[in-house]
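> Got model_10.cif for you, mmCIF, C-alpha atoms:
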```cif
data_coords
#
loop_
_atom_site.label_atom_id
_atom_site.label_comp_id
_atom_site.auth_asym_id
_atom_site.auth_seq_id
_atom_site.Cartn_x
_atom_site.Cartn_y
_atom_site.Cartn_z
CA MET Z 3 108.85 -130.70 123.74
CA ASP Z 4 111.37 -128.52 121.88
CA ASP Z 5 114.18 -130.91 122.79
CA ILE Z 6 112.48 -133.97 121.24
CA ILE Z 7 111.56 -132.04 118.10
CA ARG Z 8 115.18 -130.90 117.81
CA LYS Z 9 116.44 -134.47 118.25
CA ILE Z 10 114.01 -135.86 115.66
CA ASP Z 11 115.09 -133.11 113.28
CA ASP Z 12 118.77 -133.94 113.77
CA LEU Z 13 118.24 -137.69 113.36
CA ALA Z 14 115.99 -137.24 110.33
CA ARG Z 15 118.66 -135.18 108.60
CA TYR Z 16 121.40 -137.64 109.55
CA HIS Z 17 119.59 -140.71 108.25
CA ASN Z 18 117.71 -139.21 105.29
CA GLU Z 19 120.37 -137.15 103.55
CA VAL Z 20 122.27 -139.07 100.89
CA SER Z 21 125.51 -138.12 99.20
CA PRO Z 22 125.83 -137.55 95.44
CA GLU Z 23 128.43 -140.33 95.45
CA LEU Z 24 125.93 -142.85 96.86
CA VAL Z 25 123.28 -141.78 94.34
CA LYS Z 26 125.76 -142.26 91.51
CA ALA Z 27 127.05 -145.59 92.84
CA LYS Z 28 123.56 -147.05 93.06
CA ASP Z 29 122.47 -145.42 89.75
CA ILE Z 30 119.48 -143.76 91.41
CA LYS Z 31 117.24 -141.50 89.32
CA LEU Z 32 116.46 -138.92 91.99
CA GLY Z 33 113.33 -136.97 91.10
CA LEU Z 34 112.78 -139.52 88.31
CA ARG Z 35 115.48 -137.71 86.34
CA ASN Z 36 118.37 -139.10 84.31
CA ALA Z 37 121.91 -137.89 84.84
CA ASP Z 38 121.57 -135.46 81.91
CA GLY Z 39 118.51 -133.82 83.52
CA THR Z 40 115.91 -135.38 81.25
CA GLY Z 41 112.91 -137.16 82.73
CA VAL Z 42 112.80 -140.92 83.18
CA VAL Z 43 110.13 -142.34 80.87
CA VAL Z 44 107.57 -144.03 83.13
CA GLY Z 45 104.41 -143.99 81.04
CA ILE Z 46 102.75 -143.26 77.75
CA THR Z 47 100.09 -140.67 76.94
CA SER Z 48 98.21 -139.26 73.99
CA LYS Z 49 97.34 -136.03 75.83
CA GLY Z 50 100.30 -133.68 75.89
CA SER Z 51 103.86 -133.57 74.57
CA VAL Z 52 106.46 -131.14 75.90
CA ILE Z 53 109.51 -130.74 73.66
CA GLY Z 54 112.62 -128.83 74.71
CA PHE Z 55 115.47 -130.98 73.46
CA LYS Z 56 116.32 -133.83 71.12
CA ARG Z 57 118.74 -136.72 71.40
CA VAL Z 58 121.54 -136.90 68.85
CA PRO Z 59 124.44 -139.36 68.45
CA SER Z 60 127.47 -138.58 70.60
CA GLU Z 61 130.80 -137.85 68.93
CA ASP Z 62 132.05 -141.39 69.55
CA LYS Z 63 128.77 -142.79 68.15
CA LYS Z 64 128.46 -145.01 71.24
CA GLY Z 65 125.54 -143.21 72.77
CA THR Z 66 123.40 -140.10 72.57
CA ILE Z 67 123.58 -136.59 73.99
CA VAL Z 68 120.86 -134.06 74.69
CA GLN Z 69 120.71 -131.16 72.24
CA PRO Z 70 118.59 -128.10 73.18
CA THR Z 71 115.84 -127.14 70.71
CA PRO Z 72 113.20 -124.40 70.56
CA GLY Z 73 110.32 -125.37 72.83
CA ARG Z 74 107.10 -126.87 71.53
CA LEU Z 75 103.89 -127.94 73.25
CA LEU Z 76 101.42 -130.35 71.64
CA TYR Z 77 97.87 -131.16 72.73
CA CYS Z 78 96.78 -134.54 71.37
CA GLY Z 79 99.17 -134.04 68.45
CA TYR Z 80 98.15 -130.43 67.72
CA ASP Z 81 100.58 -127.56 68.25
CA ALA Z 82 99.06 -125.83 71.30
CA ILE Z 83 100.17 -122.31 70.33
CA GLU Z 84 98.94 -122.64 66.75
CA LEU Z 85 95.68 -124.13 68.01
CA ALA Z 86 95.02 -121.21 70.37
CA GLU Z 87 95.94 -118.62 67.75
CA LYS Z 88 93.74 -120.16 65.06
CA ILE Z 89 90.72 -120.44 67.35
CA HIS Z 90 91.11 -116.78 68.30
CA CYS Z 91 91.54 -115.83 64.64
CA GLU Z 92 87.99 -117.13 64.21
CA ASP Z 93 86.97 -114.72 67.00
CA ARG Z 94 85.96 -117.54 69.33
CA PHE Z 95 86.79 -118.45 72.90
CA GLY Z 96 88.87 -121.62 72.92
CA PHE Z 97 88.84 -123.11 76.42
CA ASP Z 98 85.85 -125.42 75.85
CA GLU Z 99 87.20 -126.61 72.51
CA VAL Z 100 90.63 -127.49 73.89
CA ALA Z 101 89.03 -129.17 76.90
CA TYR Z 102 86.95 -131.37 74.55
CA LEU Z 103 90.09 -132.20 72.57
CA LEU Z 104 91.99 -133.32 75.67
CA LEU Z 105 89.11 -135.39 77.04
CA THR Z 106 88.37 -137.15 73.74
CA GLY Z 107 91.55 -136.93 71.65
CA GLU Z 108 89.73 -135.23 68.78
CA LEU Z 109 88.61 -131.70 67.93
CA PRO Z 110 84.82 -131.33 68.13
CA ASN Z 111 82.55 -130.56 65.23
CA ALA Z 112 80.26 -127.54 65.60
CA SER Z 113 77.36 -129.55 67.02
CA ASP Z 114 79.48 -131.43 69.58
CA LEU Z 115 81.20 -128.22 70.68
CA GLU Z 116 77.85 -126.50 71.17
CA ASN Z 117 76.50 -129.39 73.25
CA PHE Z 118 79.69 -129.66 75.30
CA SER Z 119 79.72 -125.90 75.98
CA LYS Z 120 76.08 -126.04 77.06
CA MET Z 121 76.92 -128.87 79.47
CA LEU Z 122 79.75 -126.82 81.01
CA ALA Z 123 77.57 -123.70 81.19
CA LYS Z 124 74.80 -125.59 82.96
CA GLY Z 125 77.28 -127.15 85.39
CA ARG Z 126 78.88 -123.86 86.53
CA ALA Z 127 76.05 -122.88 88.86
CA LEU Z 128 76.42 -124.28 92.37
CA THR Z 129 73.59 -125.79 94.39
CA LYS Z 130 72.57 -124.39 97.77
CA LEU Z 131 74.52 -127.18 99.52
CA GLU Z 132 77.61 -126.52 97.41
CA ARG Z 133 77.45 -122.79 98.19
CA SER Z 134 77.06 -123.57 101.89
CA ILE Z 135 80.21 -125.70 101.76
CA ILE Z 136 82.15 -122.68 100.51
CA MET Z 137 80.71 -120.49 103.26
CA GLN Z 138 81.71 -123.10 105.84
CA GLU Z 139 85.12 -124.10 104.49
CA ALA Z 140 86.60 -121.04 102.81
CA VAL Z 141 87.78 -119.51 106.07
CA ASN Z 142 91.48 -119.78 105.32
CA GLU Z 143 93.10 -116.84 103.58
CA ASN Z 144 95.29 -119.27 101.64
CA GLN Z 145 93.26 -119.79 98.47
CA MET Z 146 94.82 -123.16 97.64
CA PHE Z 147 93.95 -124.49 101.10
CA ALA Z 148 90.38 -123.35 100.57
CA LEU Z 149 90.18 -124.83 97.07
CA HIS Z 150 91.48 -128.21 98.26
CA SER Z 151 88.98 -128.27 101.12
CA VAL Z 152 85.95 -127.31 99.05
CA ILE Z 153 86.66 -129.72 96.17
CA SER Z 154 87.09 -132.55 98.67
CA HIS Z 155 83.76 -131.75 100.31
CA LEU Z 156 81.91 -131.49 96.98
CA SER Z 157 81.90 -135.29 97.07
CA ARG Z 158 79.09 -134.90 99.62
CA CYS Z 159 76.91 -133.53 96.82
CA ASP Z 160 77.55 -136.46 94.48
CA PRO Z 161 75.14 -139.44 94.74
CA ASN Z 162 77.91 -141.80 93.62
CA PRO Z 163 81.27 -140.17 94.51
CA VAL Z 164 83.44 -143.29 94.70
CA SER Z 165 82.67 -144.83 91.32
CA THR Z 166 85.58 -145.50 88.97
CA ASP Z 167 83.35 -146.59 86.11
CA ILE Z 168 84.61 -144.58 83.13
CA LYS Z 169 81.22 -143.01 82.36
CA ASP Z 170 80.86 -141.90 85.98
CA VAL Z 171 84.44 -140.59 86.03
CA ILE Z 172 83.84 -138.60 82.83
CA HIS Z 173 80.64 -137.15 84.26
CA THR Z 174 82.36 -136.11 87.50
CA CYS Z 175 85.39 -134.67 85.69
CA ILE Z 176 83.20 -132.52 83.44
CA ALA Z 177 81.22 -131.37 86.48
CA LEU Z 178 84.44 -130.34 88.24
CA ILE Z 179 85.81 -128.58 85.15
CA ALA Z 180 82.57 -126.57 85.06
CA LYS Z 181 82.52 -125.80 88.80
CA PHE Z 182 86.17 -124.89 89.34
CA PRO Z 183 85.86 -121.25 88.09
CA THR Z 184 82.82 -120.69 90.29
CA VAL Z 185 84.46 -122.26 93.34
CA VAL Z 186 87.68 -120.30 92.87
CA ALA Z 187 85.83 -116.98 92.46
CA TYR Z 188 83.49 -117.66 95.39
CA ASN Z 189 86.33 -118.80 97.65
CA TYR Z 190 88.12 -115.51 97.08
CA ASN Z 191 85.07 -113.33 97.60
CA VAL Z 192 84.05 -115.21 100.73
CA SER Z 193 87.56 -114.84 102.15
CA ARG Z 194 87.40 -111.12 101.39
CA TYR Z 195 84.03 -110.97 103.14
CA ARG Z 196 85.55 -112.58 106.23
CA GLN Z 197 88.16 -109.82 106.19
CA GLY Z 198 85.51 -107.09 106.20
CA SER Z 199 84.53 -106.55 102.56
CA SER Z 200 80.97 -106.77 101.31
CA LEU Z 201 79.89 -110.26 100.28
CA ARG Z 202 79.73 -110.64 96.50
CA ILE Z 203 78.32 -113.91 95.18
CA ILE Z 204 77.44 -113.61 91.51
CA ARG Z 205 75.73 -116.47 89.75
CA PRO Z 206 77.46 -117.56 86.52
CA ASP Z 207 75.81 -116.37 83.32
CA PRO Z 208 75.09 -119.33 80.97
CA ASP Z 209 75.50 -117.01 77.97
CA LEU Z 210 79.08 -116.13 78.88
CA SER Z 211 82.24 -118.12 78.17
CA MET Z 212 84.30 -119.66 80.94
CA ALA Z 213 86.81 -116.78 80.81
CA GLU Z 214 84.09 -114.12 80.82
CA ASN Z 215 82.22 -115.80 83.66
CA PHE Z 216 85.24 -116.10 85.91
CA LEU Z 217 86.26 -112.44 85.56
CA TYR Z 218 82.62 -111.42 86.06
CA MET Z 219 82.16 -113.55 89.18
CA LEU Z 220 85.51 -112.46 90.60
CA LYS Z 221 85.24 -108.71 90.08
CA GLY Z 222 81.49 -108.08 89.74
CA VAL Z 223 81.84 -106.40 86.35
CA LYS Z 224 81.53 -108.10 83.00
CA PRO Z 225 84.90 -107.87 81.23
CA SER Z 226 85.44 -106.45 77.78
CA ARG Z 227 85.75 -109.05 75.06
CA GLU Z 228 89.40 -108.08 74.64
CA GLU Z 229 90.14 -108.78 78.32
CA ALA Z 230 88.22 -112.06 78.27
CA MET Z 231 90.03 -113.24 75.15
CA LEU Z 232 93.39 -112.54 76.79
CA PHE Z 233 92.34 -114.54 79.84
CA ASP Z 234 91.01 -117.33 77.63
CA LEU Z 235 94.41 -117.51 75.92
CA SER Z 236 96.18 -117.84 79.27
CA LEU Z 237 93.81 -120.64 80.30
CA MET Z 238 94.48 -122.54 77.07
CA LEU Z 239 98.23 -122.23 77.64
CA HIS Z 240 97.95 -123.71 81.15
CA ILE Z 241 95.35 -126.39 80.46
CA GLU Z 242 97.80 -129.28 79.95
CA HIS Z 243 101.55 -129.93 80.06
CA GLY Z 244 102.19 -133.64 79.62
CA GLY Z 245 101.95 -136.50 82.08
CA GLY Z 246 105.30 -135.83 83.76
CA ASN Z 247 104.58 -132.48 85.40
CA ASN Z 248 104.32 -132.95 89.15
CA SER Z 249 100.61 -132.36 89.67
CA THR Z 250 99.49 -134.43 86.67
CA PHE Z 251 101.80 -137.29 87.60
CA THR Z 252 100.39 -137.10 91.12
CA VAL Z 253 96.84 -137.33 89.78
CA ARG Z 254 97.82 -140.30 87.63
CA THR Z 255 99.53 -142.01 90.58
CA VAL Z 256 96.54 -141.53 92.88
CA SER Z 257 94.14 -142.54 90.10
CA SER Z 258 96.13 -145.74 89.53
CA SER Z 259 95.34 -146.84 93.10
CA GLY Z 260 91.60 -146.86 92.42
CA ALA Z 261 90.96 -143.65 94.35
CA ASN Z 262 87.82 -141.67 93.48
CA THR Z 263 87.82 -138.61 91.25
CA TYR Z 264 87.55 -136.05 94.07
CA MET Z 265 90.57 -137.48 95.90
CA ALA Z 266 92.59 -137.68 92.68
CA ILE Z 267 91.85 -134.08 91.69
CA CYS Z 268 92.56 -132.90 95.25
CA SER Z 269 95.97 -134.57 95.01
CA GLY Z 270 96.67 -132.40 91.97
CA ILE Z 271 95.67 -129.29 93.91
CA ALA Z 272 97.95 -130.35 96.76
CA SER Z 273 100.88 -130.79 94.38
CA LEU Z 274 100.22 -127.47 92.67
CA SER Z 275 100.29 -125.68 96.03
CA GLY Z 276 104.01 -126.40 96.32
CA HIS Z 277 106.24 -123.45 95.43
CA LEU Z 278 108.38 -125.57 93.08
CA HIS Z 279 105.36 -126.27 90.83
CA GLY Z 280 102.52 -123.78 91.21
CA GLY Z 281 103.06 -120.30 92.56
CA ALA Z 282 106.05 -119.50 90.37
CA ASN Z 283 104.31 -116.49 88.78
CA GLU Z 284 103.61 -115.17 92.28
CA ALA Z 285 107.32 -115.55 93.03
CA VAL Z 286 108.17 -113.69 89.82
CA MET Z 287 105.96 -110.74 90.76
CA ALA Z 288 107.45 -110.63 94.27
CA MET Z 289 110.95 -110.71 92.77
CA MET Z 290 110.14 -107.95 90.31
CA LYS Z 291 108.72 -105.83 93.12
CA ASP Z 292 112.02 -106.26 94.96
CA ILE Z 293 114.06 -105.38 91.86
CA LYS Z 294 111.96 -102.27 91.23
CA LYS Z 295 112.55 -101.20 94.82
CA ASN Z 296 116.32 -101.76 94.80
CA VAL Z 297 117.33 -100.75 91.26
CA ALA Z 298 116.86 -97.02 90.83
CA GLU Z 299 117.25 -96.88 87.06
CA TRP Z 300 115.21 -99.66 85.48
CA ASP Z 301 116.69 -99.16 82.02
CA ASP Z 302 120.32 -99.29 83.21
CA ARG Z 303 121.54 -102.68 82.03
CA ARG Z 304 124.64 -102.63 84.20
CA LYS Z 305 122.72 -101.93 87.41
CA VAL Z 306 120.04 -104.50 86.63
CA GLU Z 307 122.71 -107.12 85.90
CA SER Z 308 124.56 -106.25 89.11
CA TYR Z 309 121.42 -106.80 91.19
CA LEU Z 310 120.60 -110.07 89.41
CA LYS Z 311 124.07 -111.31 90.33
CA LYS Z 312 123.30 -110.51 93.97
CA ILE Z 313 120.10 -112.54 93.68
CA LEU Z 314 121.99 -115.50 92.20
CA ASP Z 315 124.59 -115.21 94.97
CA GLY Z 316 121.84 -115.44 97.58
CA LYS Z 317 122.56 -111.91 98.78
CA ALA Z 318 119.36 -110.22 97.63
CA HIS Z 319 115.58 -110.68 97.51
CA ASP Z 320 114.62 -113.91 99.33
CA ARG Z 321 118.21 -115.25 99.52
CA SER Z 322 117.22 -118.40 97.60
CA GLY Z 323 119.77 -117.85 94.84
CA LYS Z 324 117.02 -118.19 92.22
CA ILE Z 325 115.86 -115.87 89.49
CA TYR Z 326 112.23 -116.92 89.32
CA GLY Z 327 110.56 -117.52 85.99
CA ILE Z 328 113.84 -118.29 84.22
CA GLY Z 329 114.42 -121.93 83.26
CA HIS Z 330 112.20 -124.99 83.01
CA ALA Z 331 112.40 -128.71 83.70
CA VAL Z 332 112.04 -129.55 79.99
CA TYR Z 333 112.24 -126.40 77.86
CA THR Z 334 115.75 -125.14 77.11
CA LEU Z 335 116.03 -122.52 74.35
CA SER Z 336 112.48 -121.24 74.71
CA ASP Z 337 109.06 -121.81 76.25
CA PRO Z 338 106.48 -121.29 73.48
CA ARG Z 339 103.85 -120.25 76.02
CA ALA Z 340 106.08 -117.45 77.31
CA GLU Z 341 106.67 -116.15 73.81
CA ILE Z 342 103.00 -115.71 72.97
CA LEU Z 343 102.20 -114.24 76.40
CA LEU Z 344 104.99 -111.69 75.94
CA LYS Z 345 103.41 -110.56 72.66
CA LYS Z 346 100.08 -110.06 74.39
CA ALA Z 347 101.73 -108.34 77.36
CA GLU Z 348 103.36 -105.86 74.99
CA GLU Z 349 99.98 -105.07 73.43
CA TYR Z 350 98.39 -104.33 76.81
CA ALA Z 351 101.30 -102.61 78.57
CA ALA Z 352 100.83 -99.36 76.67
CA LYS Z 353 97.09 -99.30 77.39
CA LYS Z 354 97.69 -99.72 81.12
CA ASP Z 355 100.72 -97.40 81.35
CA LEU Z 356 102.92 -100.36 82.33
CA GLU Z 357 105.49 -100.15 79.53
CA LYS Z 358 108.33 -99.20 81.87
CA GLU Z 359 107.64 -102.20 84.13
CA LEU Z 360 107.39 -104.60 81.20
CA ASN Z 361 110.62 -103.26 79.71
CA LEU Z 362 112.34 -104.02 83.03
CA MET Z 363 110.97 -107.57 82.92
CA LYS Z 364 112.22 -107.98 79.36
CA LEU Z 365 115.67 -106.76 80.42
CA VAL Z 366 115.72 -109.27 83.29
CA ALA Z 367 114.65 -111.99 80.84
CA GLU Z 368 117.42 -110.96 78.46
CA ILE Z 369 120.22 -110.84 81.04
CA SER Z 370 119.36 -113.80 83.26
CA PRO Z 371 119.96 -116.73 80.87
CA GLY Z 372 123.55 -115.60 80.27
CA LEU Z 373 124.25 -115.28 83.98
CA ILE Z 374 122.80 -118.73 84.71
CA LYS Z 375 124.76 -120.27 81.82
CA GLU Z 376 127.91 -118.66 83.17
CA ARG Z 377 127.31 -119.76 86.78
CA LYS Z 378 125.68 -123.17 86.34
CA GLY Z 379 126.33 -124.18 82.75
CA GLN Z 380 122.58 -124.50 82.11
CA ILE Z 381 120.78 -123.38 78.97
CA VAL Z 382 117.62 -121.62 80.09
CA ALA Z 383 114.99 -119.18 78.88
CA PRO Z 384 112.00 -117.34 80.40
CA ASN Z 385 109.13 -119.71 81.12
CA VAL Z 386 105.38 -119.10 81.05
CA ASP Z 387 105.35 -118.02 84.70
CA PHE Z 388 107.66 -115.12 83.96
CA TYR Z 389 104.97 -113.24 82.04
CA SER Z 390 101.67 -114.78 83.19
CA GLY Z 391 101.68 -112.82 86.46
CA PHE Z 392 102.11 -109.59 84.54
CA VAL Z 393 99.18 -110.53 82.29
CA TYR Z 394 97.01 -111.22 85.34
CA LYS Z 395 98.08 -107.88 86.81
CA VAL Z 396 96.95 -106.18 83.59
CA LEU Z 397 93.59 -107.92 84.02
CA GLY Z 398 93.28 -106.71 87.61
CA ILE Z 399 93.51 -110.19 89.14
CA PRO Z 400 94.81 -110.33 92.75
CA ILE Z 401 98.16 -112.08 93.20
CA ASP Z 402 96.80 -114.71 95.60
CA MET Z 403 94.52 -115.90 92.82
CA PHE Z 404 97.35 -116.81 90.44
CA THR Z 405 97.81 -120.43 91.56
CA PRO Z 406 94.08 -121.21 91.92
CA ILE Z 407 93.67 -119.96 88.34
CA PHE Z 408 96.42 -122.37 87.31
CA ALA Z 409 94.41 -125.18 88.93
CA MET Z 410 91.23 -123.90 87.26
CA ALA Z 411 92.81 -124.49 83.86
CA ARG Z 412 94.91 -127.56 84.67
CA VAL Z 413 91.93 -129.51 86.07
CA VAL Z 414 91.18 -130.30 82.42
CA GLY Z 415 94.58 -131.93 81.92
CA TRP Z 416 94.27 -133.73 85.24
CA SER Z 417 90.88 -135.08 84.21
CA ALA Z 418 92.09 -136.21 80.80
CA HIS Z 419 95.08 -138.02 82.34
CA ARG Z 420 92.92 -139.57 85.06
CA ILE Z 421 90.60 -141.06 82.45
CA GLU Z 422 93.60 -142.32 80.45
CA GLN Z 423 95.22 -143.81 83.56
CA ILE Z 424 92.07 -145.70 84.55
CA ILE Z 425 91.71 -147.09 81.04
CA GLN Z 426 95.37 -148.20 81.07
CA SER Z 427 94.67 -149.83 84.46
CA LYS Z 428 98.16 -150.14 85.92
CA LEU Z 429 99.14 -149.36 89.51
CA ILE Z 430 102.08 -146.95 89.55
CA ARG Z 431 104.70 -148.37 91.88
CA PRO Z 432 108.32 -147.25 91.28
CA ALA Z 433 111.12 -148.84 93.29
CA TYR Z 434 113.31 -147.33 95.99
CA VAL Z 435 116.58 -148.87 97.13
CA SER Z 436 117.85 -148.70 100.69
CA SER Z 437 120.57 -146.22 101.61
CA LEU Z 438 121.54 -148.36 104.63
CA PRO Z 439 124.70 -150.46 104.40
CA GLN Z 440 123.31 -153.42 106.38
CA GLU Z 441 120.44 -154.72 108.49
CA SER Z 442 120.09 -153.49 112.09
CA GLU Z 443 119.79 -155.75 115.12
CA TYR Z 444 117.26 -155.05 117.86
CA VAL Z 445 118.67 -153.59 121.09
CA PRO Z 446 116.58 -153.86 124.31
CA LEU Z 447 115.20 -150.50 125.47
CA ASP Z 448 117.22 -150.45 128.73
CA LYS Z 449 120.50 -150.90 126.81
CA ARG Z 450 119.99 -148.12 124.26
CA LYS Z 451 122.04 -144.95 124.62
#
```
What would you get if you wrote out this structure as structure tokens?

Amino acid sequence: MDDIIRKIDDLARYHNEVSPELVKAKDIKLGLRNADGTGVVVGITSKGSVIGFKRVPSEDKKGTIVQPTPGRLLYCGYDAIELAEKIHCEDRFGFDEVAYLLLTGELPNASDLENFSKMLAKGRALTKLERSIIMQEAVNENQMFALHSVISHLSRCDPNPVSTDIKDVIHTCIALIAKFPTVVAYNYNVSRYRQGSSLRIIRPDPDLSMAENFLYMLKGVKPSREEAMLFDLSLMLHIEHGGGNNSTFTVRTVSSSGANTYMAICSGIASLSGHLHGGANEAVMAMMKDIKKNVAEWDDRRKVESYLKKILDGKAHDRSGKIYGIGHAVYTLSDPRAEILLKKAEEYAAKKDLEKELNLMKLVAEISPGLIKERKGQIVAPNVDFYSGFVYKVLGIPIDMFTPIFAMARVVGWSAHRIEQIIQSKLIRPAYVSSLPQESEYVPLDKRK
């Protein structure tokens, strides 16, 4: 058995690996990326815009070059950071309001927001059958596995799960947006129960916001308003990130085939489970733990820089050669989400006696871009994942909940893009070219080597 696996592995590598020269010769956009690193434009959306560069005329005026710019994130034309800050300045939770904006394209009036929030509040409670699904399925300690399984099986509770009629899709999407926080919290507590802890299943409180409810259901204690507002901010920052991010593009691709809402949303969860998309804040926290262990003096710039060089050389931490949380597929000079989270992290660090740890993170964030520019010629900055894990740590959220929380917020963006994709009604079908030089002729089995 081992021999055939080894042979398949060898042959797969031999036939599937392609050289950079072949990619260039055939003008292939691997990863749907242009030669300058920018994404290939494959669709159009009104939902989210991610801005990290601009195109300017080249020196010879015969083309354009990419020029890095400060990062910006827009939700349906509104600056996402400004939107979140202004909602909080009115001393209101913002998740429901931003969700309504993404689903409809317009900010709600007071009456519509109240009705929408009531619909979400009513939908958070799970039925007996839905709770039993969690008890049956949430046996895996991997929280993303459990989330994928439960959301898939929730289709059993829907009288019309396969409909792609827009009204039915909207209804199902709103139901899933409402249920995700409850499912994520219950999955975790059930998994803890299976490991020996007491079972804690707390029904959502219809008078609490989404952020308050999740922290309450997760930890069994109602959070302070200050804590809930911080969590609400993080949810708003993760709720949408344009149609090109891997999980949203996956949802759009699956939706374009006519698949039902449960399958489409599960495809987003599957994509987010990959370490190159979701899970980056977990990787940041693991990296920081390693740095704290191996650098004796956290405020010594020279020693921190020396260890970061070892990480980049693949000689320290996980040997990947990556400084996690630094750099982004689109943002160059800055990630606006990281900037606002850093401000909030600084406010809370002193209260939790975590100033020394945050100062180390800030030093890593300050040193790393220069090292990466020097080694790889790339212009990078800390991304949202660099600080979000620290914020969750401040809030007492377990590390294996970080990616499910990402999904809990991003299901809104997935839903908005699914609805848009169905309305646009176009099957996504990019082309692949063959890497083989010629056709192969059949050889009888007894003459094969």
> Give me the residues near stretch 208-215 of chain Z as a ChimeraX atom specification, where near means some atom within 6 Å (using all atoms listed in the file) and where sequence neighbours in that chain fewer than 2 positions away do not count.
/Z:123,206,217-219,230,234
> With all atoms listed in the file as the atoms that count, which of Z:Pro161, Z:Pro338, Z:Gly316, Z:Gly198 lies nearest to Z:Glu84?
Z:Pro338
> For Z:Lys88, which residue out of Z:Val100, Z:Tyr195, Z:Ile293, Z:Asn283 is the nearest one, using all atoms listed in the file?
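Smallest distance to Z:Lys88 is found for Z:Val100.
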> Taking the point (123.4, -103.6, 92.2) as given in the file, collect each protein or nucleic acid residue that comes within 10 Å of it, counting all atoms listed in the file, and present the set as a list of chain:residue names.
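In the file's frame, the residues around the point are Z:Ile293, Z:Asn296, Z:Val297, Z:Ala298, Z:Arg304, Z:Lys305, Z:Val306, Z:Glu307, Z:Ser308, Z:Tyr309, Z:Leu310, Z:Lys311, Z:Lys312, Z:Ile313, Z:Ala318.
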> What's the 6 Å shell around stretch 394-410 of chain Z, counting all atoms listed in the file, without same-chain residues fewer than 3 positions away, as a PyMOL selection string?
chain Z and resi 182+280-281+391+413
> What would the file look like if the residues just selected were written as an mmCIF file, in the coordinates of the input with C-alpha atoms?

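Done, and the output landed in selection_23.cif:
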```cif
data_model
loop_
_atom_site.group_PDB
_atom_site.id
_atom_site.type_symbol
_atom_site.label_atom_id
_atom_site.label_comp_id
_atom_site.auth_asym_id
_atom_site.auth_seq_id
_atom_site.Cartn_x
_atom_site.Cartn_y
_atom_site.Cartn_z
ATOM 1 C CA PHE Z 182 86.170 -124.890 89.340
ATOM 2 C CA GLY Z 280 102.520 -123.780 91.210
ATOM 3 C CA GLY Z 281 103.060 -120.300 92.560
ATOM 4 C CA GLY Z 391 101.680 -112.820 86.460
ATOM 5 C CA VAL Z 413 91.930 -129.510 86.070
#
```
> Where does the PyMOL selection byres ((chain Z and resi 435) around 12) land in this file, that is, which residues does it pick, as an NGL selection string?
:Z and (20 or 24-25 or 27-32 or 432-434 or 436-439)
> Find the distance between atom CA of Z:Leu232 and atom CA of Z:Lys346 and write it in Å to one decimal.
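Between atom CA of Z:Leu232 and atom CA of Z:Lys346 the gap works out to 7.5 Å.
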> Which residues are close to Z:Pro70, i.e. within 7 Å by only C-alpha atoms, leaving aside same-chain residues fewer than 2 positions away? Reply as a list in words.
Gly54, Phe55, Lys56, Val68, Thr334 and Leu335 of chain Z
> Once the PyMOL selection byres ((chain Z and resi 383) around 9) has been applied to the shown file, what residues remain in the selection, as a tab-separated table (two decimals) with C-alpha atoms, in the frame of the given file?

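File selection-v1.tsv, as written:
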```
chain	number	residue	atom	x	y	z
Z	327	GLY	CA	110.56	-117.52	85.99
Z	328	ILE	CA	113.84	-118.29	84.22
Z	329	GLY	CA	114.42	-121.93	83.26
Z	330	HIS	CA	112.20	-124.99	83.01
Z	333	TYR	CA	112.24	-126.40	77.86
Z	334	THR	CA	115.75	-125.14	77.11
Z	335	LEU	CA	116.03	-122.52	74.35
Z	336	SER	CA	112.48	-121.24	74.71
Z	337	ASP	CA	109.06	-121.81	76.25
Z	367	ALA	CA	114.65	-111.99	80.84
Z	368	GLU	CA	117.42	-110.96	78.46
Z	370	SER	CA	119.36	-113.80	83.26
Z	371	PRO	CA	119.96	-116.73	80.87
Z	381	ILE	CA	120.78	-123.38	78.97
Z	382	VAL	CA	117.62	-121.62	80.09
Z	384	PRO	CA	112.00	-117.34	80.40
Z	385	ASN	CA	109.13	-119.71	81.12
```
> With all atoms listed in the file as the basis for distance, which of Z:Val445, Z:Ile424, Z:Met290, Z:Leu343 is at the shortest distance from Z:Val366?
Z:Met290
> Go through Z:Gln380, Z:Ser151, Z:Thr129, Z:Ser113 one by one, measure the shortest atom-to-atom distance of each to Z:Thr184 using all atoms listed in the file, and give the residue with the smallest value.
Z:Thr129
> Starting from the displayed file, determine the output of the PyMOL selection byres ((chain Z and resi 222) around 12) and express the residue list as a compact mmCIF listing (two decimals) with C-alpha atoms, keeping the file's coordinate frame.

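Writing the result to expr_3.txt gives the following:
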```txt
# COMPACT_ATOMS: atom_id res chain seq x y z
CA ALA Z 187 85.83 -116.98 92.46
CA TYR Z 188 83.49 -117.66 95.39
CA ASN Z 191 85.07 -113.33 97.60
CA SER Z 200 80.97 -106.77 101.31
CA LEU Z 201 79.89 -110.26 100.28
CA ARG Z 202 79.73 -110.64 96.50
CA ILE Z 203 78.32 -113.91 95.18
CA ILE Z 204 77.44 -113.61 91.51
CA ARG Z 205 75.73 -116.47 89.75
CA PRO Z 206 77.46 -117.56 86.52
CA ASP Z 207 75.81 -116.37 83.32
CA GLU Z 214 84.09 -114.12 80.82
CA ASN Z 215 82.22 -115.80 83.66
CA PHE Z 216 85.24 -116.10 85.91
CA LEU Z 217 86.26 -112.44 85.56
CA TYR Z 218 82.62 -111.42 86.06
CA MET Z 219 82.16 -113.55 89.18
CA LEU Z 220 85.51 -112.46 90.60
CA LYS Z 221 85.24 -108.71 90.08
CA VAL Z 223 81.84 -106.40 86.35
CA LYS Z 224 81.53 -108.10 83.00
CA PRO Z 225 84.90 -107.87 81.23
```
